[in-house]
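**Student:** Contents of my_file28.txt (compact mmCIF, N, CA and C atoms):
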```txt
# COMPACT_ATOMS: atom_id res chain seq x y z
N MET A 1243 24.08 26.70 -45.42
CA MET A 1243 24.29 25.27 -45.44
C MET A 1243 23.00 24.50 -45.70
N SER A 1244 21.86 25.16 -45.56
CA SER A 1244 20.61 24.45 -45.79
C SER A 1244 20.48 24.00 -47.25
N ASP A 1245 21.08 24.76 -48.18
CA ASP A 1245 21.04 24.34 -49.58
C ASP A 1245 21.80 23.04 -49.77
N LEU A 1246 22.94 22.91 -49.11
CA LEU A 1246 23.73 21.69 -49.21
C LEU A 1246 22.97 20.50 -48.63
N LYS A 1247 22.32 20.72 -47.50
CA LYS A 1247 21.53 19.64 -46.90
C LYS A 1247 20.34 19.28 -47.78
N ALA A 1248 19.75 20.26 -48.44
CA ALA A 1248 18.62 20.00 -49.34
C ALA A 1248 19.09 19.20 -50.56
N VAL A 1249 20.25 19.53 -51.09
CA VAL A 1249 20.81 18.77 -52.21
C VAL A 1249 21.06 17.33 -51.78
N PHE A 1250 21.61 17.16 -50.58
CA PHE A 1250 21.86 15.81 -50.09
C PHE A 1250 20.57 15.03 -49.90
N LYS A 1251 19.56 15.68 -49.37
CA LYS A 1251 18.27 15.01 -49.14
C LYS A 1251 17.64 14.58 -50.46
N ARG A 1252 17.62 15.50 -51.44
CA ARG A 1252 17.05 15.16 -52.76
C ARG A 1252 17.88 14.06 -53.42
N GLY A 1253 19.19 14.21 -53.36
CA GLY A 1253 20.07 13.22 -53.98
C GLY A 1253 19.93 11.85 -53.34
N SER A 1254 19.75 11.82 -52.03
CA SER A 1254 19.59 10.55 -51.33
C SER A 1254 18.33 9.83 -51.79
N LYS A 1255 17.27 10.60 -52.02
CA LYS A 1255 16.03 9.99 -52.52
C LYS A 1255 16.26 9.38 -53.90
N TYR A 1256 16.96 10.10 -54.77
CA TYR A 1256 17.25 9.58 -56.11
C TYR A 1256 18.12 8.33 -56.02
N ILE A 1257 19.12 8.36 -55.14
CA ILE A 1257 20.03 7.22 -54.99
C ILE A 1257 19.26 6.00 -54.47
N LEU A 1258 18.40 6.19 -53.50
CA LEU A 1258 17.62 5.05 -52.98
C LEU A 1258 16.71 4.48 -54.06
N PHE A 1259 16.18 5.35 -54.90
CA PHE A 1259 15.37 4.90 -56.03
C PHE A 1259 16.22 4.06 -57.00
N LEU A 1260 17.42 4.54 -57.31
CA LEU A 1260 18.33 3.79 -58.17
C LEU A 1260 18.73 2.46 -57.54
N LEU A 1261 19.01 2.49 -56.24
CA LEU A 1261 19.39 1.26 -55.56
C LEU A 1261 18.29 0.21 -55.62
N SER A 1262 17.05 0.66 -55.57
CA SER A 1262 15.95 -0.31 -55.68
C SER A 1262 15.95 -0.98 -57.06
N PHE A 1263 16.25 -0.23 -58.11
CA PHE A 1263 16.38 -0.82 -59.44
C PHE A 1263 17.56 -1.77 -59.51
N TYR A 1264 18.67 -1.40 -58.90
CA TYR A 1264 19.85 -2.26 -58.90
C TYR A 1264 19.56 -3.58 -58.19
N VAL A 1265 18.85 -3.50 -57.07
CA VAL A 1265 18.52 -4.73 -56.33
C VAL A 1265 17.57 -5.60 -57.16
N LEU A 1266 16.62 -4.99 -57.82
CA LEU A 1266 15.74 -5.75 -58.71
C LEU A 1266 16.54 -6.38 -59.85
N GLY A 1267 17.47 -5.63 -60.41
CA GLY A 1267 18.33 -6.17 -61.46
C GLY A 1267 19.18 -7.32 -60.96
N TRP A 1268 19.67 -7.19 -59.74
CA TRP A 1268 20.47 -8.26 -59.16
C TRP A 1268 19.62 -9.51 -58.95
N GLY A 1269 18.38 -9.31 -58.53
CA GLY A 1269 17.51 -10.45 -58.22
C GLY A 1269 16.90 -11.13 -59.41
N PHE A 1270 16.65 -10.39 -60.49
CA PHE A 1270 15.88 -10.95 -61.59
C PHE A 1270 16.61 -11.02 -62.93
N THR A 1271 17.88 -10.72 -62.98
CA THR A 1271 18.62 -10.83 -64.23
C THR A 1271 19.83 -11.74 -64.02
N PRO A 1272 20.42 -12.21 -65.09
CA PRO A 1272 21.62 -13.04 -64.94
C PRO A 1272 22.90 -12.22 -64.70
N TYR A 1273 22.78 -10.90 -64.62
CA TYR A 1273 23.94 -10.03 -64.45
C TYR A 1273 24.14 -9.65 -62.99
N GLN A 1274 24.17 -10.64 -62.11
CA GLN A 1274 24.23 -10.38 -60.68
C GLN A 1274 25.52 -9.67 -60.27
N THR A 1275 26.66 -10.01 -60.87
CA THR A 1275 27.91 -9.36 -60.47
C THR A 1275 27.91 -7.88 -60.84
N ILE A 1276 27.32 -7.56 -61.98
CA ILE A 1276 27.27 -6.16 -62.41
C ILE A 1276 26.38 -5.35 -61.46
N PHE A 1277 25.21 -5.87 -61.15
CA PHE A 1277 24.31 -5.14 -60.26
C PHE A 1277 24.83 -5.10 -58.83
N ALA A 1278 25.50 -6.16 -58.38
CA ALA A 1278 26.10 -6.14 -57.04
C ALA A 1278 27.21 -5.08 -56.98
N GLY A 1279 27.98 -4.96 -58.05
CA GLY A 1279 29.01 -3.91 -58.11
C GLY A 1279 28.40 -2.52 -58.10
N LEU A 1280 27.31 -2.35 -58.83
CA LEU A 1280 26.62 -1.06 -58.83
C LEU A 1280 26.08 -0.72 -57.45
N VAL A 1281 25.52 -1.72 -56.76
CA VAL A 1281 25.00 -1.49 -55.41
C VAL A 1281 26.14 -1.09 -54.48
N LEU A 1282 27.23 -1.84 -54.49
CA LEU A 1282 28.37 -1.53 -53.62
C LEU A 1282 28.92 -0.14 -53.91
N GLY A 1283 29.17 0.17 -55.17
CA GLY A 1283 29.71 1.48 -55.53
C GLY A 1283 28.77 2.62 -55.20
N THR A 1284 27.48 2.42 -55.42
CA THR A 1284 26.52 3.48 -55.16
C THR A 1284 26.34 3.72 -53.66
N VAL A 1285 26.35 2.66 -52.88
CA VAL A 1285 26.26 2.83 -51.42
C VAL A 1285 27.50 3.57 -50.91
N LEU A 1286 28.66 3.22 -51.42
CA LEU A 1286 29.88 3.93 -51.01
C LEU A 1286 29.86 5.38 -51.50
N SER A 1287 29.29 5.62 -52.65
CA SER A 1287 29.16 6.98 -53.16
C SER A 1287 28.26 7.81 -52.26
N LEU A 1288 27.15 7.23 -51.84
CA LEU A 1288 26.25 7.92 -50.91
C LEU A 1288 26.95 8.19 -49.58
N PHE A 1289 27.69 7.21 -49.09
CA PHE A 1289 28.45 7.38 -47.85
C PHE A 1289 29.48 8.50 -47.99
N ASN A 1290 30.19 8.52 -49.11
CA ASN A 1290 31.20 9.56 -49.33
C ASN A 1290 30.57 10.95 -49.39
N PHE A 1291 29.41 11.06 -50.02
CA PHE A 1291 28.78 12.37 -50.09
C PHE A 1291 28.24 12.78 -48.73
N TRP A 1292 27.75 11.82 -47.95
CA TRP A 1292 27.31 12.11 -46.58
C TRP A 1292 28.46 12.64 -45.74
N ILE A 1293 29.62 12.01 -45.88
CA ILE A 1293 30.81 12.50 -45.16
C ILE A 1293 31.14 13.92 -45.60
N LEU A 1294 31.11 14.17 -46.90
CA LEU A 1294 31.44 15.50 -47.42
C LEU A 1294 30.47 16.55 -46.91
N VAL A 1295 29.18 16.26 -46.91
CA VAL A 1295 28.18 17.22 -46.43
C VAL A 1295 28.38 17.47 -44.94
N ARG A 1296 28.57 16.41 -44.17
CA ARG A 1296 28.75 16.55 -42.73
C ARG A 1296 29.99 17.38 -42.40
N ARG A 1297 31.09 17.08 -43.08
CA ARG A 1297 32.32 17.81 -42.82
C ARG A 1297 32.24 19.26 -43.30
N THR A 1298 31.53 19.50 -44.39
CA THR A 1298 31.37 20.86 -44.89
C THR A 1298 30.55 21.70 -43.92
N VAL A 1299 29.51 21.12 -43.36
CA VAL A 1299 28.70 21.84 -42.37
C VAL A 1299 29.54 22.15 -41.14
N LEU A 1300 30.31 21.17 -40.66
CA LEU A 1300 31.19 21.40 -39.51
C LEU A 1300 32.25 22.45 -39.82
N PHE A 1301 32.75 22.41 -41.05
CA PHE A 1301 33.75 23.38 -41.50
C PHE A 1301 33.17 24.80 -41.46
N GLY A 1302 31.95 24.95 -41.98
CA GLY A 1302 31.30 26.26 -41.98
C GLY A 1302 31.04 26.77 -40.58
N GLU A 1303 30.61 25.88 -39.69
CA GLU A 1303 30.37 26.28 -38.30
C GLU A 1303 31.66 26.69 -37.61
N ALA A 1304 32.74 25.96 -37.87
CA ALA A 1304 34.02 26.29 -37.25
C ALA A 1304 34.53 27.64 -37.74
N VAL A 1305 34.38 27.91 -39.02
CA VAL A 1305 34.82 29.20 -39.56
C VAL A 1305 33.98 30.33 -38.97
N ALA A 1306 32.68 30.11 -38.85
CA ALA A 1306 31.79 31.15 -38.31
C ALA A 1306 32.11 31.46 -36.86
N GLN A 1307 32.56 30.47 -36.11
CA GLN A 1307 32.87 30.67 -34.70
C GLN A 1307 34.33 31.05 -34.48
N GLY A 1308 35.10 31.11 -35.55
CA GLY A 1308 36.50 31.49 -35.44
C GLY A 1308 37.38 30.39 -34.86
N GLN A 1309 36.94 29.16 -34.93
CA GLN A 1309 37.71 28.04 -34.40
C GLN A 1309 38.67 27.51 -35.44
N LYS A 1310 39.54 26.61 -34.98
CA LYS A 1310 40.47 25.96 -35.89
C LYS A 1310 39.68 25.05 -36.84
N VAL A 1311 40.04 25.09 -38.10
CA VAL A 1311 39.30 24.38 -39.13
C VAL A 1311 39.95 23.03 -39.40
N LYS A 1312 39.11 21.98 -39.38
CA LYS A 1312 39.59 20.64 -39.72
C LYS A 1312 39.37 20.41 -41.21
N GLY A 1313 39.90 19.30 -41.71
CA GLY A 1313 39.77 18.96 -43.12
C GLY A 1313 38.36 18.53 -43.48
N LEU A 1314 38.18 18.25 -44.75
CA LEU A 1314 36.86 17.86 -45.25
C LEU A 1314 36.72 16.35 -45.41
N GLY A 1315 37.62 15.56 -44.84
CA GLY A 1315 37.49 14.12 -44.87
C GLY A 1315 37.94 13.46 -46.15
N MET A 1316 38.93 14.03 -46.80
CA MET A 1316 39.40 13.47 -48.07
C MET A 1316 39.95 12.05 -47.90
N MET A 1317 40.69 11.83 -46.84
CA MET A 1317 41.29 10.51 -46.64
C MET A 1317 40.22 9.44 -46.36
N SER A 1318 39.22 9.77 -45.58
CA SER A 1318 38.17 8.78 -45.31
C SER A 1318 37.36 8.48 -46.56
N ARG A 1319 37.14 9.46 -47.40
CA ARG A 1319 36.42 9.22 -48.66
C ARG A 1319 37.26 8.38 -49.62
N LEU A 1320 38.56 8.67 -49.68
CA LEU A 1320 39.44 7.86 -50.53
C LEU A 1320 39.54 6.43 -50.00
N ALA A 1321 39.58 6.28 -48.68
CA ALA A 1321 39.65 4.95 -48.09
C ALA A 1321 38.39 4.14 -48.38
N ALA A 1322 37.23 4.78 -48.34
CA ALA A 1322 35.98 4.09 -48.65
C ALA A 1322 35.96 3.64 -50.11
N ALA A 1323 36.42 4.51 -51.00
CA ALA A 1323 36.48 4.15 -52.42
C ALA A 1323 37.49 3.02 -52.65
N ALA A 1324 38.62 3.10 -51.97
CA ALA A 1324 39.64 2.05 -52.10
C ALA A 1324 39.10 0.72 -51.56
N LEU A 1325 38.35 0.77 -50.48
CA LEU A 1325 37.76 -0.44 -49.93
C LEU A 1325 36.83 -1.10 -50.95
N GLY A 1326 36.02 -0.30 -51.61
CA GLY A 1326 35.12 -0.84 -52.63
C GLY A 1326 35.88 -1.49 -53.78
N ILE A 1327 36.93 -0.85 -54.23
CA ILE A 1327 37.73 -1.40 -55.33
C ILE A 1327 38.45 -2.66 -54.88
N ILE A 1328 38.99 -2.65 -53.67
CA ILE A 1328 39.68 -3.84 -53.15
C ILE A 1328 38.72 -5.01 -53.04
N LEU A 1329 37.50 -4.75 -52.55
CA LEU A 1329 36.50 -5.82 -52.48
C LEU A 1329 36.17 -6.37 -53.87
N ALA A 1330 36.05 -5.48 -54.83
CA ALA A 1330 35.73 -5.91 -56.19
C ALA A 1330 36.86 -6.72 -56.81
N ILE A 1331 38.09 -6.34 -56.53
CA ILE A 1331 39.23 -7.08 -57.07
C ILE A 1331 39.40 -8.41 -56.34
N ARG A 1332 39.17 -8.39 -55.04
CA ARG A 1332 39.32 -9.60 -54.23
C ARG A 1332 38.23 -10.62 -54.53
N PHE A 1333 37.02 -10.16 -54.79
CA PHE A 1333 35.88 -11.04 -55.07
C PHE A 1333 35.25 -10.73 -56.42
N PRO A 1334 35.95 -11.01 -57.52
CA PRO A 1334 35.42 -10.68 -58.85
C PRO A 1334 34.20 -11.52 -59.24
N ASP A 1335 34.00 -12.65 -58.56
CA ASP A 1335 32.82 -13.46 -58.85
C ASP A 1335 31.57 -12.90 -58.19
N VAL A 1336 31.73 -11.92 -57.26
CA VAL A 1336 30.60 -11.30 -56.59
C VAL A 1336 30.36 -9.88 -57.11
N PHE A 1337 31.44 -9.10 -57.25
CA PHE A 1337 31.35 -7.69 -57.66
C PHE A 1337 32.15 -7.46 -58.93
N ASP A 1338 31.54 -6.82 -59.90
CA ASP A 1338 32.25 -6.42 -61.11
C ASP A 1338 32.99 -5.11 -60.83
N PRO A 1339 34.34 -5.09 -60.99
CA PRO A 1339 35.11 -3.87 -60.65
C PRO A 1339 34.68 -2.63 -61.43
N ILE A 1340 34.37 -2.77 -62.70
CA ILE A 1340 33.94 -1.62 -63.50
C ILE A 1340 32.62 -1.07 -62.98
N SER A 1341 31.72 -1.96 -62.55
CA SER A 1341 30.45 -1.52 -62.00
C SER A 1341 30.63 -0.81 -60.67
N VAL A 1342 31.59 -1.26 -59.87
CA VAL A 1342 31.87 -0.57 -58.60
C VAL A 1342 32.36 0.84 -58.88
N ILE A 1343 33.25 0.99 -59.84
CA ILE A 1343 33.76 2.33 -60.19
C ILE A 1343 32.62 3.20 -60.72
N THR A 1344 31.76 2.63 -61.56
CA THR A 1344 30.61 3.37 -62.06
C THR A 1344 29.69 3.79 -60.91
N GLY A 1345 29.46 2.88 -59.98
CA GLY A 1345 28.63 3.19 -58.82
C GLY A 1345 29.23 4.28 -57.95
N LEU A 1346 30.57 4.30 -57.84
CA LEU A 1346 31.23 5.34 -57.05
C LEU A 1346 31.00 6.73 -57.65
N MET A 1347 30.79 6.80 -58.94
CA MET A 1347 30.56 8.08 -59.60
C MET A 1347 29.09 8.46 -59.66
N THR A 1348 28.21 7.57 -59.22
CA THR A 1348 26.77 7.77 -59.36
C THR A 1348 26.28 9.04 -58.69
N PHE A 1349 26.72 9.31 -57.46
CA PHE A 1349 26.19 10.47 -56.75
C PHE A 1349 26.58 11.77 -57.44
N TYR A 1350 27.75 11.81 -58.03
CA TYR A 1350 28.16 13.02 -58.73
C TYR A 1350 27.30 13.25 -59.97
N ILE A 1351 26.94 12.18 -60.65
CA ILE A 1351 26.04 12.30 -61.80
C ILE A 1351 24.66 12.77 -61.33
N VAL A 1352 24.19 12.21 -60.22
CA VAL A 1352 22.89 12.61 -59.66
C VAL A 1352 22.92 14.08 -59.26
N ILE A 1353 24.02 14.55 -58.69
CA ILE A 1353 24.14 15.96 -58.31
C ILE A 1353 24.04 16.86 -59.54
N MET A 1354 24.72 16.47 -60.61
CA MET A 1354 24.67 17.29 -61.83
C MET A 1354 23.26 17.33 -62.42
N ILE A 1355 22.60 16.19 -62.47
CA ILE A 1355 21.23 16.15 -62.99
C ILE A 1355 20.31 17.00 -62.11
N ASP A 1356 20.47 16.87 -60.78
CA ASP A 1356 19.66 17.66 -59.86
C ASP A 1356 19.92 19.15 -60.03
N PHE A 1357 21.16 19.52 -60.26
CA PHE A 1357 21.50 20.93 -60.48
C PHE A 1357 20.77 21.48 -61.71
N PHE A 1358 20.78 20.71 -62.80
CA PHE A 1358 20.11 21.17 -64.02
C PHE A 1358 18.59 21.25 -63.82
N ILE A 1359 18.03 20.28 -63.13
CA ILE A 1359 16.59 20.30 -62.87
C ILE A 1359 16.22 21.51 -62.01
N GLN A 1360 17.00 21.75 -60.95
CA GLN A 1360 16.71 22.88 -60.07
C GLN A 1360 16.90 24.21 -60.80
N SER A 1361 17.90 24.29 -61.69
CA SER A 1361 18.10 25.52 -62.46
C SER A 1361 16.91 25.79 -63.37
N ILE A 1362 16.41 24.75 -64.01
CA ILE A 1362 15.25 24.92 -64.89
C ILE A 1362 14.03 25.32 -64.08
N LEU A 1363 13.83 24.68 -62.92
CA LEU A 1363 12.69 25.03 -62.08
C LEU A 1363 12.77 26.47 -61.58
N LYS A 1364 13.95 26.90 -61.16
CA LYS A 1364 14.11 28.28 -60.68
C LYS A 1364 13.89 29.28 -61.81
N ARG A 1365 14.38 28.96 -62.99
CA ARG A 1365 14.20 29.85 -64.14
C ARG A 1365 12.73 29.95 -64.52
N ASN A 1366 12.03 28.80 -64.52
CA ASN A 1366 10.61 28.81 -64.86
C ASN A 1366 9.78 29.53 -63.81
N ASN A 1367 10.13 29.38 -62.54
CA ASN A 1367 9.41 30.08 -61.49
C ASN A 1367 9.65 31.59 -61.54
N GLY A 1368 10.84 31.99 -61.95
CA GLY A 1368 11.16 33.40 -62.07
C GLY A 1368 10.44 34.07 -63.22
N GLU A 1369 10.20 33.34 -64.31
CA GLU A 1369 9.52 33.89 -65.47
C GLU A 1369 8.03 34.08 -65.22
N GLU A 1370 7.44 33.23 -64.35
CA GLU A 1370 6.01 33.32 -64.12
C GLU A 1370 5.64 34.53 -63.29
N ARG A 1371 6.53 35.03 -62.48
CA ARG A 1371 6.22 36.14 -61.57
C ARG A 1371 6.39 37.45 -62.22
```
Will you turn the file into structure tokens for me?

**Tutor:**
Amino acid sequence: MSDLKAVFKRGSKYILFLLSFYVLGWGFTPYQTIFAGLVLGTVLSLFNFWILVRRTVLFGEAVAQGQKVKGLGMMSRLAAAALGIILAIRFPDVFDPISVITGLMTFYIVIMIDFFIQSILKRNNGEER
């Protein structure tokens, strides 16, 4: 499970870096609704991945101890995503709905990019030895 926590830690750093750009974009450009939607969606994406990591770790511990296994939090992650979309639809002058949806997918894109970077780094480290 330490690999999963490491992926979450690296991904969180990337997400916080992206969020800083989104906040700057919200503050200094005329596209405030788009950047506010990206911030909302990305924060919810980070929250959803945190739930998934936490539940996966608990799931692994329960299986290792032979206990009854609980779910991975699918309903809470769907509810968080639905909340973001509902907020965007309810307040379109504050949040752009398309940007919220894009922000919700941000962490998955970050995970894929991180996977490719880590694969390249592992391959390069293996060739040097």

**Student:** Can you write out as a Markdown table which residues of stretch 1279-1307 of chain A fall within 6 Å of stretch 1334-1357 of chain A, alongside each residue's closest atom pair and its distance in Å to one decimal, counting all atoms listed in the file and ordering rows by chain and ascending residue number?

**Tutor:**
```
| residue | atom | partner | partner_atom | distance |
| --- | --- | --- | --- | --- |
| A:Gly1279 | C | A:Ser1341 | C | 3.8 |
| A:Leu1280 | N | A:Ser1341 | C | 4.1 |
| A:Leu1282 | C | A:Val1342 | CA | 5.6 |
| A:Gly1283 | C | A:Gly1345 | C | 3.2 |
| A:Thr1284 | N | A:Gly1345 | C | 3.6 |
| A:Leu1286 | C | A:Leu1346 | CA | 5.7 |
| A:Ser1287 | CA | A:Leu1346 | CA | 4.7 |
| A:Leu1288 | N | A:Phe1349 | CA | 6.0 |
```

**Student:** What is the atom CA of A:Leu1314 to atom C of A:Arg1297 distance in Å?

**Tutor:** 5.2 Å

**Student:** Expressed in Å to a single decimal, how great is the separation between atom CA of A:Gln1309 and atom CA of A:Ile1293?

**Tutor:**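 According to the coordinates, atom CA of A:Gln1309 and atom CA of A:Ile1293 are separated by 20.1 Å.
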
**Student:** Which one of A:Val1285, A:Ala1322, A:Gly1308, A:Trp1292 sits closest to A:Leu1261 if you count all atoms listed in the file?

**Tutor:**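 Among the listed residues, A:Val1285 lies closest to A:Leu1261.
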
**Student:** Would you compute the distance between atom CA of A:Gly1315 and atom CA of A:Ala1248? Give it in Å to one decimal.

**Tutor:**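 Taking atom CA of A:Gly1315 and atom CA of A:Ala1248, their separation equals 20.3 Å.
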
**Student:** Within chain A, find each residue whose DSSP state, derived from the backbone, is helix (DSSP H, G or I), and express the selection as JSON, numbers by chain.

**Tutor:** {"A": [1244, 1245, 1246, 1247, 1248, 1249, 1250, 1251, 1252, 1253, 1254, 1255, 1256, 1257, 1258, 1259, 1260, 1261, 1262, 1263, 1264, 1265, 1266, 1267, 1268, 1269, 1270, 1274, 1275, 1276, 1277, 1278, 1279, 1280, 1281, 1282, 1283, 1284, 1285, 1286, 1287, 1288, 1289, 1290, 1291, 1292, 1293, 1294, 1295, 1296, 1297, 1298, 1299, 1300, 1301, 1302, 1303, 1304, 1305, 1306, 1307, 1316, 1317, 1318, 1319, 1320, 1321, 1322, 1323, 1324, 1325, 1326, 1327, 1328, 1329, 1330, 1331, 1332, 1339, 1340, 1341, 1342, 1343, 1344, 1345, 1346, 1348, 1349, 1350, 1351, 1352, 1353, 1354, 1355, 1356, 1357, 1358, 1359, 1360, 1361, 1362, 1363, 1364, 1365, 1366, 1367, 1368, 1369, 1370]}

**Student:** Using all atoms listed in the file, which of A:Leu1258, A:Ile1276, A:Val1281, A:Arg1319 sits nearest A:Leu1294?

**Tutor:**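 The shortest atom-to-atom distance to A:Leu1294 comes from A:Arg1319.
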